[in-house]
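The data block below is entry27.txt; it holds compact mmCIF, C-alpha atoms and all ligand atoms.
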# COMPACT_ATOMS: atom_id res chain seq x y z
CA MET A 1 113.97 90.64 154.20
CA ASN A 2 113.75 89.63 150.56
CA LYS A 3 113.75 85.98 149.99
CA LEU A 4 113.89 83.54 147.21
CA LEU A 5 110.59 81.71 147.17
CA SER A 6 110.25 78.11 146.31
CA LEU A 7 107.35 78.19 143.95
CA THR A 8 105.18 75.67 145.68
CA LEU A 9 102.54 78.36 145.24
CA LEU A 10 102.08 77.35 141.68
CA THR A 11 101.22 73.73 141.96
CA ALA A 12 100.01 71.06 144.30
CA THR A 13 103.23 69.12 143.68
CA SER A 14 104.72 70.87 146.64
CA ALA A 15 107.35 68.26 147.34
CA LEU A 16 109.52 69.86 144.67
CA THR A 17 111.76 72.47 146.20
CA HIS A 18 113.62 75.26 144.57
CA ASP A 19 117.09 74.45 143.34
CA LYS A 20 119.36 77.47 143.45
CA SER A 21 121.64 76.41 140.61
CA PRO A 22 121.59 79.05 137.86
CA LEU A 23 119.72 76.88 135.42
CA GLN A 24 117.69 73.92 136.52
CA GLU A 25 117.01 70.79 134.60
CA PRO A 26 113.85 70.87 132.51
CA LEU A 27 110.83 69.64 134.41
CA LEU A 28 110.32 65.97 134.92
CA LYS A 29 107.27 64.17 133.56
CA ASP A 30 105.43 64.18 136.87
CA ALA A 31 105.24 67.93 136.70
CA SER A 32 103.77 68.02 133.22
CA ASP A 33 100.75 69.92 134.54
CA LEU A 34 103.04 72.91 134.87
CA PRO A 35 102.97 74.81 131.57
CA TRP A 36 106.54 76.10 131.92
CA THR A 37 109.79 74.45 130.90
CA TYR A 38 111.56 75.28 134.18
CA TRP A 39 110.46 75.90 137.72
CA PRO A 40 109.77 79.60 138.02
CA GLU A 41 112.27 81.47 140.17
CA CYS A 42 110.63 84.16 142.29
CA TYR A 43 111.32 87.03 144.63
CA SER A 44 109.07 89.13 146.80
CA ASN A 45 109.46 91.90 149.32
CA GLU A 46 107.35 94.34 151.36
CA ASN A 47 106.42 96.26 148.19
CA THR A 48 105.20 93.39 146.04
CA THR A 49 101.63 92.18 146.39
CA GLU A 50 102.52 88.86 144.73
CA PRO A 51 105.93 87.29 144.15
CA ILE A 52 107.55 88.32 140.88
CA CYS A 53 108.86 85.31 138.96
CA VAL A 54 110.48 84.35 135.71
CA PHE A 55 108.35 81.92 133.66
CA SER A 56 109.95 80.23 130.66
CA GLN A 57 108.43 78.24 127.85
CA GLN A 58 110.90 76.93 125.31
CA ASP A 59 108.25 75.44 122.99
CA PHE A 60 106.42 78.72 122.53
CA ALA A 61 105.90 79.76 118.87
CA SER A 62 107.31 76.57 117.34
CA GLY A 63 110.45 76.62 119.47
CA ARG A 64 111.28 80.32 119.43
CA GLY A 65 110.67 80.30 123.18
CA ILE A 66 109.79 83.12 125.54
CA PHE A 67 110.34 84.18 129.11
CA ILE A 68 107.95 86.28 131.16
CA VAL A 69 108.85 88.25 134.27
CA THR A 70 105.71 89.00 136.24
CA SER A 71 103.37 87.74 138.98
CA THR A 72 101.87 84.26 138.76
CA SER A 73 98.33 85.58 138.21
CA ASN A 74 99.51 87.81 135.39
CA ALA A 75 101.57 85.02 133.80
CA TYR A 76 98.49 82.81 133.63
CA LYS A 77 96.50 85.61 131.95
CA ILE A 78 99.20 85.77 129.28
CA LEU A 79 99.10 81.99 129.02
CA SER A 80 95.38 82.14 128.18
CA LYS A 81 96.00 84.17 124.99
CA PRO A 82 95.44 82.42 121.63
CA ALA A 83 99.20 82.61 120.96
CA PHE A 84 99.57 79.91 123.64
CA THR A 85 96.21 78.11 123.43
CA ASN A 86 95.89 77.96 119.63
CA PRO A 87 99.37 78.11 118.03
CA SER A 88 97.87 78.03 114.51
CA VAL A 89 97.18 81.78 114.92
CA LEU A 90 100.95 82.20 114.57
CA SER A 91 101.12 80.87 111.00
CA ARG A 92 102.14 84.29 109.60
CA VAL A 93 104.50 85.03 112.48
CA ASN A 94 108.24 84.34 112.94
CA ASN A 95 108.67 83.36 109.27
CA HIS A 96 112.05 84.96 108.87
CA ALA A 97 113.30 82.96 105.89
CA ASN A 98 113.43 84.75 102.51
CA PRO A 99 112.50 88.23 103.79
CA PRO A 100 111.87 91.18 101.40
CA PHE A 101 114.95 93.03 102.70
CA GLU A 102 118.67 92.75 103.35
CA GLN A 103 120.58 93.87 106.39
CA HIS A 104 122.88 96.76 105.66
CA GLU A 105 125.70 98.40 107.61
CA PHE A 106 125.60 102.17 107.07
CA PRO A 107 128.78 104.24 107.20
CA ASN A 108 129.33 107.21 109.56
CA GLY A 109 128.14 105.54 112.72
CA LYS A 110 124.51 105.32 111.65
CA GLY A 111 124.68 101.62 112.37
CA ARG A 112 122.71 98.92 110.67
CA GLY A 113 119.33 98.92 109.02
CA LEU A 114 117.12 97.06 106.58
CA ILE A 115 117.06 97.77 102.84
CA ALA A 116 114.15 96.54 100.71
CA ASN A 117 115.23 94.11 97.99
CA LYS A 118 111.83 93.91 96.31
CA THR A 119 109.01 96.38 95.77
CA LEU A 120 106.68 96.56 98.74
CA HIS A 121 103.18 97.98 98.49
CA ARG A 122 101.02 99.51 101.19
CA GLY A 123 99.77 96.66 103.33
CA ASP A 124 102.56 94.21 102.51
CA GLN A 125 103.76 92.44 105.64
CA ILE A 126 107.47 93.04 106.20
CA PHE A 127 107.63 90.66 109.14
CA ALA A 128 105.82 89.68 112.30
CA SER A 129 107.44 88.32 115.44
CA THR A 130 106.76 87.15 118.92
CA PRO A 131 108.87 88.71 121.69
CA LEU A 132 111.76 86.92 123.37
CA LEU A 133 110.59 88.31 126.67
CA ILE A 134 107.69 90.04 128.35
CA SER A 135 108.46 91.92 131.54
CA HIS A 136 106.04 93.65 133.89
CA PRO A 137 107.09 97.02 135.37
CA ASP A 138 106.46 95.53 138.85
CA ALA A 139 109.85 93.82 138.45
CA TYR A 140 111.21 97.25 139.43
CA LEU A 141 109.69 96.76 142.90
CA LEU A 142 112.40 94.17 143.48
CA SER A 143 115.92 95.10 144.42
CA GLU A 144 118.16 95.58 141.41
CA LYS A 145 120.06 92.43 142.28
CA GLU A 146 116.90 90.32 142.25
CA ARG A 147 115.49 91.96 139.14
CA LEU A 148 118.73 91.26 137.30
CA ALA A 149 118.79 87.69 138.61
CA LEU A 150 115.37 87.06 137.04
CA ALA A 151 116.37 88.68 133.74
CA HIS A 152 119.65 86.70 133.52
CA ARG A 153 117.88 83.48 134.33
CA GLY A 154 115.24 84.26 131.71
CA VAL A 155 117.83 84.72 128.97
CA ALA A 156 119.57 81.49 130.03
CA THR A 157 116.28 79.60 129.63
CA LEU A 158 115.68 80.72 126.01
CA PRO A 159 116.45 78.19 123.25
CA PRO A 160 119.99 78.67 121.85
CA ALA A 161 118.90 80.42 118.61
CA SER A 162 116.83 82.92 120.58
CA GLN A 163 119.70 83.48 123.03
CA SER A 164 121.89 84.40 120.04
CA LEU A 165 119.24 86.85 118.85
CA PHE A 166 119.16 88.40 122.30
CA TRP A 167 122.92 88.80 122.55
CA GLY A 168 122.96 90.29 119.03
CA LEU A 169 120.85 93.24 120.25
CA LEU A 170 122.55 96.60 120.65
CA ASP A 171 123.03 98.04 124.10
CA HIS A 172 123.45 101.77 124.60
CA PHE A 173 123.68 102.31 128.30
CA LYS A 174 126.77 100.27 129.22
CA GLY A 175 125.70 98.71 132.50
CA ASP A 176 124.54 95.15 133.09
CA PRO A 177 124.67 93.40 129.67
CA VAL A 178 121.21 91.80 129.96
CA ASP A 179 119.51 94.83 131.51
CA ASP A 180 121.08 97.17 128.91
CA ARG A 181 119.81 95.14 126.01
CA ILE A 182 116.33 95.04 127.49
CA ASN A 183 116.25 98.78 128.26
CA THR A 184 117.62 99.76 124.86
CA ASN A 185 115.20 97.59 122.90
CA ALA A 186 112.03 97.36 124.98
CA PHE A 187 108.66 98.43 123.64
CA ASP A 188 105.74 99.29 125.90
CA ILE A 189 102.68 97.25 125.08
CA SER A 190 99.55 96.15 126.88
CA ILE A 191 98.40 92.62 127.71
CA ALA A 192 95.18 92.04 129.65
CA ASP A 193 95.09 95.77 130.47
CA GLU A 194 98.54 95.66 132.05
CA GLN A 195 101.42 97.70 130.68
CA GLN A 196 104.38 95.44 129.89
CA HIS A 197 107.76 95.69 128.20
CA VAL A 198 108.59 93.37 125.32
CA VAL A 199 111.81 92.80 123.40
CA LEU A 200 111.66 91.86 119.72
CA PRO A 201 115.04 91.43 118.06
CA GLU A 202 113.73 91.87 114.51
CA ILE A 203 112.05 95.22 115.02
CA ALA A 204 115.21 96.49 116.67
CA MET A 205 116.83 96.22 113.20
CA LEU A 206 114.58 98.96 111.82
CA ASN A 207 115.85 102.51 112.08
CA HIS A 208 113.80 105.51 113.05
CA ASP A 209 112.58 108.07 110.56
CA CYS A 210 110.30 110.99 111.42
CA ARG A 211 108.61 110.29 108.06
CA PRO A 212 108.67 106.46 108.02
CA ASN A 213 107.47 104.15 105.23
CA ALA A 214 106.42 101.30 107.52
CA ALA A 215 104.30 100.98 110.65
CA TYR A 216 104.01 98.40 113.40
CA PHE A 217 101.48 97.40 115.99
CA TRP A 218 101.20 94.99 118.85
CA ASP A 219 98.53 92.31 118.46
CA GLU A 220 97.47 91.05 121.85
CA ALA A 221 95.79 87.82 120.73
CA THR A 222 98.88 86.52 118.91
CA LEU A 223 101.33 88.26 121.28
CA SER A 224 103.04 89.48 118.13
CA HIS A 225 104.43 92.65 116.66
CA TYR A 226 103.44 93.14 113.01
CA VAL A 227 105.32 95.41 110.61
CA HIS A 228 103.73 96.48 107.30
CA ALA A 229 104.64 98.88 104.52
CA THR A 230 102.47 102.02 104.67
CA GLN A 231 103.44 103.23 101.19
CA THR A 232 105.30 101.86 98.18
CA ILE A 233 108.91 101.01 99.07
CA TYR A 234 111.24 100.36 96.14
CA PRO A 235 114.25 98.03 96.13
CA GLY A 236 117.27 99.88 97.55
CA GLN A 237 115.21 102.05 99.89
CA GLU A 238 115.65 101.73 103.61
CA ILE A 239 112.60 100.44 105.50
CA THR A 240 111.92 102.73 108.47
CA ILE A 241 109.49 103.03 111.36
CA THR A 242 109.01 105.75 113.94
CA TYR A 243 110.08 105.33 117.56
CA ILE A 244 108.14 108.40 118.73
CA ASN A 245 105.02 110.48 118.12
CA ASN A 246 105.92 112.48 115.01
CA GLU A 247 103.01 114.86 115.09
CA ARG A 248 105.09 117.28 117.12
CA ALA A 249 107.49 120.12 116.36
CA ARG A 250 111.08 119.26 115.44
CA ALA A 251 112.54 120.34 118.82
CA ALA A 252 110.22 118.00 120.73
CA ARG A 253 111.09 115.08 118.43
CA VAL A 254 114.85 115.71 118.71
CA ASP A 255 114.67 115.85 122.54
CA ASN A 256 112.54 112.72 122.73
CA LEU A 257 114.93 110.67 120.56
CA GLU A 258 118.01 111.90 122.38
CA TYR A 259 116.51 111.27 125.81
CA ASN A 260 115.04 107.82 125.16
CA TRP A 261 117.31 106.37 122.49
CA GLY A 262 120.50 108.37 122.89
CA PHE A 263 120.84 109.52 119.28
CA LYS A 264 120.64 112.81 117.44
CA CYS A 265 117.77 112.82 114.98
CA SER A 266 119.24 113.00 111.49
CA CYS A 267 116.20 112.22 109.35
CA SER A 268 115.38 114.65 106.56
CA SER A 269 112.72 116.53 108.47
CA CYS A 270 115.09 117.00 111.45
CA SER A 271 118.09 118.09 109.40
CA ALA A 272 116.28 120.46 106.98
CA HIS A 273 117.14 124.16 106.59
CA PRO A 274 115.66 126.24 109.47
CA ALA A 275 113.24 127.91 107.03
CA LEU A 276 111.87 124.52 106.02
CA VAL A 277 111.79 123.35 109.64
CA ALA A 278 109.74 126.46 110.52
CA GLU A 279 107.32 125.62 107.69
CA SER A 280 107.01 122.02 108.90
CA ASP A 281 106.48 123.10 112.52
CA ALA A 282 103.78 125.56 111.38
CA ARG A 283 101.98 122.81 109.47
CA ILE A 284 102.11 120.54 112.52
CA ALA A 285 100.72 123.31 114.74
CA GLN A 286 97.91 123.90 112.24
CA MET A 287 97.17 120.16 112.13
CA GLY A 288 96.61 120.32 115.89
CA GLU A 289 94.24 123.29 115.55
CA LEU A 290 92.22 121.64 112.80
CA ALA A 291 91.95 118.35 114.69
CA GLU A 292 90.74 120.23 117.75
CA ALA A 293 88.11 122.12 115.73
CA LEU A 294 86.92 118.86 114.15
CA ASP A 295 86.68 117.25 117.59
CA ASP A 296 84.29 119.99 118.73
CA TRP A 297 80.80 118.46 118.73
CA SER A 298 79.12 121.30 120.60
CA SER A 299 76.42 123.41 118.94
CA GLU A 300 79.04 126.18 118.52
CA SER A 301 81.25 123.88 116.43
CA SER A 302 82.74 125.51 113.35
CA ALA A 303 83.82 122.15 111.87
CA THR A 304 83.37 121.73 108.10
CA PRO A 305 84.37 119.04 105.60
CA GLU A 306 86.83 121.56 104.09
CA MET A 307 88.72 121.56 107.40
CA ALA A 308 89.06 117.77 107.26
CA GLU A 309 90.27 117.98 103.66
CA ALA A 310 92.85 120.59 104.72
CA LEU A 311 93.95 118.37 107.62
CA ILE A 312 94.47 115.41 105.27
CA SER A 313 96.45 117.63 102.92
CA LEU A 314 98.70 118.81 105.77
CA PHE A 315 99.44 115.19 106.76
CA GLU A 316 100.36 114.46 103.14
CA GLN A 317 102.47 117.62 102.87
CA GLU A 318 104.30 116.46 106.00
CA ARG A 319 104.65 112.94 104.53
CA LEU A 320 103.01 111.49 107.66
CA PHE A 321 101.38 108.71 105.63
CA ALA A 322 101.29 106.13 108.43
CA GLY A 323 99.26 108.58 110.53
CA LEU A 324 96.60 109.32 107.90
CA GLY A 325 94.09 107.02 109.61
CA THR A 326 93.26 109.79 112.08
CA PRO A 327 92.51 112.64 109.62
CA TYR A 328 90.62 110.17 107.42
CA LYS A 329 88.50 109.36 110.46
CA HIS A 330 87.91 113.06 111.08
CA ALA A 331 86.81 113.38 107.46
CA ALA A 332 84.47 110.38 107.66
CA GLU A 333 82.87 111.81 110.79
CA VAL A 334 82.50 115.36 109.56
CA TYR A 335 80.94 114.20 106.26
CA ALA A 336 78.61 111.91 108.19
CA SER A 337 77.72 114.78 110.50
CA PHE A 338 76.41 116.71 107.48
CA GLY A 339 74.65 113.63 106.09
CA ASP A 340 77.04 113.18 103.15
CA ARG A 341 76.81 109.40 102.92
CA TRP A 342 79.29 108.53 100.19
CA ASN A 343 82.07 110.82 101.34
CA ALA A 344 81.65 109.33 104.83
CA VAL A 345 81.96 105.82 103.33
CA ARG A 346 84.99 106.77 101.24
CA TYR A 347 86.93 108.17 104.20
CA ALA A 348 85.79 105.47 106.63
CA ARG A 349 87.28 102.87 104.27
CA LEU A 350 90.53 104.80 103.94
CA SER A 351 90.76 105.24 107.71
CA ALA A 352 90.16 101.56 108.44
CA GLU A 353 92.80 100.55 105.86
CA VAL A 354 95.54 102.83 107.17
CA ASN A 355 94.75 102.26 110.85
CA LEU A 356 94.85 98.50 110.34
CA LEU A 357 98.56 98.88 109.54
CA ASP A 358 99.29 101.40 112.28
CA LYS A 359 96.99 100.35 115.12
CA GLY A 360 96.14 96.72 114.49
CA PHE A 361 93.47 94.20 113.62
CA SER A 362 91.25 94.80 116.62
CA ASP A 363 91.81 98.51 117.18
CA VAL A 364 88.60 100.31 118.23
CA ASP A 365 88.99 102.97 115.53
CA VAL A 366 89.34 100.28 112.85
CA LEU A 367 86.18 98.54 114.02
CA GLU A 368 84.28 101.83 114.25
CA MET A 369 85.29 102.92 110.74
CA ARG A 370 84.31 99.53 109.33
CA ARG A 371 80.85 99.97 110.81
CA MET A 372 80.68 103.50 109.43
CA ALA A 373 81.68 102.26 105.97
CA ARG A 374 78.80 99.77 106.01
CA ASP A 375 76.12 101.90 107.64
CA PRO A 376 77.02 105.57 108.01
CA GLU A 377 73.39 106.25 109.00
CA LEU A 378 73.93 104.14 112.14
CA SER A 379 77.05 105.99 113.29
CA TRP A 380 76.80 108.33 116.28
CA SER A 381 77.91 111.28 114.13
CA TRP A 382 75.25 110.85 111.42
CA LYS A 383 73.57 114.23 110.68
CA LYS A 384 74.82 115.53 114.06
CA ARG A 385 75.68 118.88 112.49
CA VAL A 386 72.82 119.21 110.03
CA GLY A 387 71.34 122.62 110.77
CA HIS A 388 74.74 123.85 112.06
CA GLU A 389 75.70 125.22 108.66
CA ARG A 390 76.74 128.77 109.07
CA PRO A 391 74.94 131.27 106.88
CA ALA A 392 77.16 132.01 103.88
CA VAL A 393 78.33 135.63 103.96
CA GLY A 394 75.97 137.90 102.03
CA CYS A 395 73.44 135.20 101.33
CA GLY A 396 71.00 136.02 104.06
CA HIS A 397 69.77 132.59 105.11
CA GLY A 398 72.64 130.45 104.00
CA HIS A 399 70.85 128.73 101.17
CA GLY A 400 73.37 129.83 98.60
CA HIS A 401 72.39 130.61 95.03
C1 LIG B 1 109.80 99.57 149.23
O1 LIG B 1 109.46 100.89 148.75
C2 LIG B 1 109.98 101.94 149.54
C3 LIG B 1 109.42 103.23 148.99
O2 LIG B 1 109.65 103.34 147.62
C4 LIG B 1 111.50 101.88 149.51
O3 LIG B 1 112.05 102.92 150.28
C5 LIG B 1 111.97 100.52 150.02
O4 LIG B 1 113.37 100.42 149.90
C6 LIG B 1 111.31 99.41 149.24
N1 LIG B 1 111.67 98.13 149.81
C7 LIG B 1 112.37 97.21 149.17
C8 LIG B 1 112.64 95.95 149.92
O5 LIG B 1 112.80 97.38 148.04
C1 LIG B 2 116.28 89.58 99.87
O1 LIG B 2 117.28 89.33 100.84
C2 LIG B 2 117.06 88.20 101.67
C3 LIG B 2 118.18 88.13 102.70
O2 LIG B 2 117.99 89.12 103.69
C4 LIG B 2 116.97 86.94 100.83
O3 LIG B 2 116.68 85.82 101.65
C5 LIG B 2 115.90 87.11 99.78
O4 LIG B 2 115.88 85.98 98.93
C6 LIG B 2 116.15 88.36 98.96
N1 LIG B 2 115.02 88.56 98.04
C7 LIG B 2 115.19 88.92 96.78
C8 LIG B 2 113.95 89.11 95.96
O5 LIG B 2 116.30 89.11 96.29

Written form, structure tokens:
Amino acid sequence: MNKLLSLTLLTATSALTHDKSPLQEPLLKDASDLPWTYWPECYSNENTTEPICVFSQQDFASGRGIFIVTSTSNAYKILSKPAFTNPSVLSRVNNHANPPFEQHEFPNGKGRGLIANKTLHRGDQIFASTPLLISHPDAYLLSEKERLALAHRGVATLPPASQSLFWGLLDHFKGDPVDDRINTNAFDISIADEQQHVVLPEIAMLNHDCRPNAAYFWDEATLSHYVHATQTIYPGQEITITYINNERARAARVDNLEYNWGFKCSCSSCSAHPALVAESDARIAQMGELAEALDDWSSESSATPEMAEALISLFEQERLFAGLGTPYKHAAEVYASFGDRWNAVRYARLSAEVNLLDKGFSDVDVLEMRRMARDPELSWSWKKRVGHERPAVGCGHGHGH
């Protein structure tokens, strides 16, 4: 039998019992040791190892508020993040006044989007936001009725402005109005090594493009999504991100968008003439082959710096600018592997810069490329392939002329 738990688990103040009214009064002073604005409402069943509850904090992020659907132990891990313990880390987050864009309603059913109203350069922050909700996939262990009860209660506990943002989200699946909005807008992120879903109303305003001009990442410390320009964006241009992995053939991208987001991909690289699509697909296939060759660190490796240069060129030809951090990293490593210090430094810097915008402040690749840029000689790849040079054809011992 599933049962509604009274969350005496959470606190020694066990005299307080659960009130089943849809929205309880905020906590009284004597419960001020509890870091949540309301008593968590919880459910458990034979499949849950811990009760799954909804935790709300209306003061979070200067009154934006948040609700979290997860186990108690997981909720307290989230609560230990700097976003909660040191709110000053949020000084660049949720500043939505005077943004560098305007909302725009596109004709022909494309819906709404954001148009730049000033020139944005690579690295300019477009916005950064904290989520309205964080939900752990374990909520799906509950019956649908209980899962929906937690989600509805969570929305009801958000501050009024954040409730309006939530109800302003689009829903595509036409079922329960809260569940639909969450499913349509959720992003998968990771907190304390747990996969979670988050909903951020601002990022939902950005349309998909297979060749986007902006990138986003989840920053675990600040529990925030950051969006930056990855190339120059001029006033009047739409700001776009990608919803999917774009380093795949057109057919795979179209299926992915239709399946997960319910729309037909209409960006320029999806709607091009079949001859141009074939060219693009061939470039993407070749990108995969080059990356694989460059990842070969065996003694049979045929990797050369020219391959990395070709890989970078293919990314540029495909206009996959936000993804350049990866081929730049390949280039830094392959130059380092032949002991070419300054080309390794050059590409390590480029890789760190682009990956900062696409993967985040504490991404492992960013940190590794920063170290490489300072001390290529200390990187694991340094001179790894010296002596692997293949003899140049017709030159006997490969010394050239
Ligand atoms: C627990 O999981 C099993 C297997 O997935 C499922 O058949 C059962 O209905 C679940 N129990 C509850 C209470 O949801
Ligand atoms: C751009 O539009 C926003 C409204 O979305 C406005 O607040 C901002 O002042 C505008 N900026 C410029 C430079 O016009």

Please identify all protein, DNA and RNA residues within 9 Å of ligand LIG 2 (chain B), counting all atoms listed in the file, and report them as a PDB file with C-alpha atoms, in the coordinates of the input.
ATOM      1  CA  HIS A  96     112.050  84.960 108.870  1.00  0.00           C
ATOM      2  CA  ALA A  97     113.300  82.960 105.890  1.00  0.00           C
ATOM      3  CA  ASN A  98     113.430  84.750 102.510  1.00  0.00           C
ATOM      4  CA  PRO A  99     112.500  88.230 103.790  1.00  0.00           C
ATOM      5  CA  PRO A 100     111.870  91.180 101.400  1.00  0.00           C
ATOM      6  CA  PHE A 101     114.950  93.030 102.700  1.00  0.00           C
ATOM      7  CA  GLU A 102     118.670  92.750 103.350  1.00  0.00           C
ATOM      8  CA  GLN A 103     120.580  93.870 106.390  1.00  0.00           C
ATOM      9  CA  LEU A 114     117.120  97.060 106.580  1.00  0.00           C
ATOM     10  CA  ILE A 115     117.060  97.770 102.840  1.00  0.00           C
ATOM     11  CA  ALA A 116     114.150  96.540 100.710  1.00  0.00           C
ATOM     12  CA  ASN A 117     115.230  94.110  97.990  1.00  0.00           C
ATOM     13  CA  LYS A 118     111.830  93.910  96.310  1.00  0.00           C
ATOM     14  CA  THR A 119     109.010  96.380  95.770  1.00  0.00           C
ATOM     15  CA  PRO A 235     114.250  98.030  96.130  1.00  0.00           C
TER      16      PRO A 235
END

Near ligand LIG 1 (chain B), 12 Å: chain A residue rows, closest pairs, only C-alpha atoms and all ligand atoms, as a tab-separated table:
residue	atom	partner	partner_atom	distance
A:Met1	CA	B:LIG1	C8	6.9
A:Asn2	CA	B:LIG1	C8	6.4
A:Lys3	CA	B:LIG1	C8	10.0
A:Tyr43	CA	B:LIG1	C8	10.5
A:Ser44	CA	B:LIG1	C8	8.3
A:Asn45	CA	B:LIG1	C8	5.2
A:Glu46	CA	B:LIG1	C8	5.7
A:Asn47	CA	B:LIG1	C1	4.8
A:Thr48	CA	B:LIG1	C1	8.3
A:Thr49	CA	B:LIG1	C1	11.4
A:Asp138	CA	B:LIG1	O5	11.3
A:Ala139	CA	B:LIG1	O5	10.6
A:Tyr140	CA	B:LIG1	O5	8.8
A:Leu141	CA	B:LIG1	O5	6.0
A:Leu142	CA	B:LIG1	O5	5.6
A:Ser143	CA	B:LIG1	O5	5.3
A:Glu144	CA	B:LIG1	O5	8.7
A:Lys145	CA	B:LIG1	O5	10.5
A:Glu146	CA	B:LIG1	O5	10.0
A:Arg147	CA	B:LIG1	O5	10.8

So how many Å separate CA of Lys77 in chain A and CA of Asn355 in chain A, to one decimal?
-> 26.9 Å

Nearest residue to Val198 in chain A from the set A:Thr242, A:Ser280, A:Asn183, A:Gln237 (distances using only C-alpha atoms) =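 Of all the options, A:Asn183 lies closest to Val198 in chain A.
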
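Straight-line separation from CA of Arg122 in chain A to CA of Lys264 in chain A: 28.7 Å.
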
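The spacing separating CA of Ile52 in chain A from CA of Ala192 in chain A amounts to 17.1 Å.
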
Name all residues at most 9 Å from Phe127 in chain A (count all atoms listed in the file; drop same-chain ones fewer than 3 positions away) and give them as a PyMOL selection string.
-> chain A and resi 92-96+99-100+202-203+225-228

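Residues surrounding Asp295 in chain A within 12 Å are Gly288, Glu289, Leu290, Ala291, Glu292, Ala293, Trp297, Ser298, Glu300, Ser301, Ser302, Ala303, Thr304, Met307, Ala308, Thr326, Pro327, Lys329, His330, Ala331, Glu333, Val334, Ser337 and Ser381 of chain A [all atoms listed in the file; sequence separation below 2 positions excluded].
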
Just the residues within 12 Å of Gly323 in chain A, please, counting only C-alpha atoms, with nothing from its chain fewer than 4 positions along; format it as number ranges by chain.
-> A: 210-216, 230-231, 241-242, 245-247, 287, 311-312, 314-316, 318-319, 327-329, 350-359

Restricting the calculation to all atoms listed in the file, which member of A:Trp382, A:Asn207, A:Phe67, A:Arg283 is positioned closest to Phe106 in chain A?
-> A:Asn207

Incomplete range 73-77 of chain A filled out to all heavy atoms as a compact mmCIF listing (two decimals), in the coordinates of the input:
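That gives us rebuild-v8.txt:
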# COMPACT_ATOMS: atom_id res chain seq x y z
N SER A 73 99.68 85.36 138.75
CA SER A 73 98.33 85.58 138.21
C SER A 73 98.42 86.21 136.82
O SER A 73 97.69 85.84 135.90
CB SER A 73 97.49 86.43 139.15
OG SER A 73 98.15 87.65 139.41
N ASN A 74 99.34 87.15 136.67
CA ASN A 74 99.51 87.81 135.39
C ASN A 74 100.07 86.84 134.33
O ASN A 74 99.64 86.85 133.18
CB ASN A 74 100.46 89.00 135.61
CG ASN A 74 100.33 90.03 134.52
OD1 ASN A 74 99.37 90.04 133.77
ND2 ASN A 74 101.31 90.90 134.46
N ALA A 75 100.99 85.99 134.74
CA ALA A 75 101.57 85.02 133.80
C ALA A 75 100.47 84.10 133.25
O ALA A 75 100.47 83.76 132.06
CB ALA A 75 102.65 84.21 134.48
N TYR A 76 99.54 83.73 134.11
CA TYR A 76 98.49 82.81 133.63
C TYR A 76 97.48 83.53 132.74
O TYR A 76 96.88 82.91 131.87
CB TYR A 76 97.83 82.09 134.81
CG TYR A 76 98.68 80.89 135.21
CD1 TYR A 76 99.82 81.06 135.99
CD2 TYR A 76 98.40 79.62 134.72
CE1 TYR A 76 100.63 79.99 136.31
CE2 TYR A 76 99.21 78.54 135.04
CZ TYR A 76 100.32 78.73 135.83
OH TYR A 76 101.13 77.67 136.13
N LYS A 77 97.33 84.86 132.90
CA LYS A 77 96.50 85.61 131.95
C LYS A 77 97.16 85.61 130.57
O LYS A 77 96.49 85.47 129.55
CB LYS A 77 96.33 87.07 132.42
CG LYS A 77 95.30 87.23 133.50
CD LYS A 77 95.12 88.73 133.81
CE LYS A 77 94.55 88.91 135.20
NZ LYS A 77 94.88 90.23 135.75
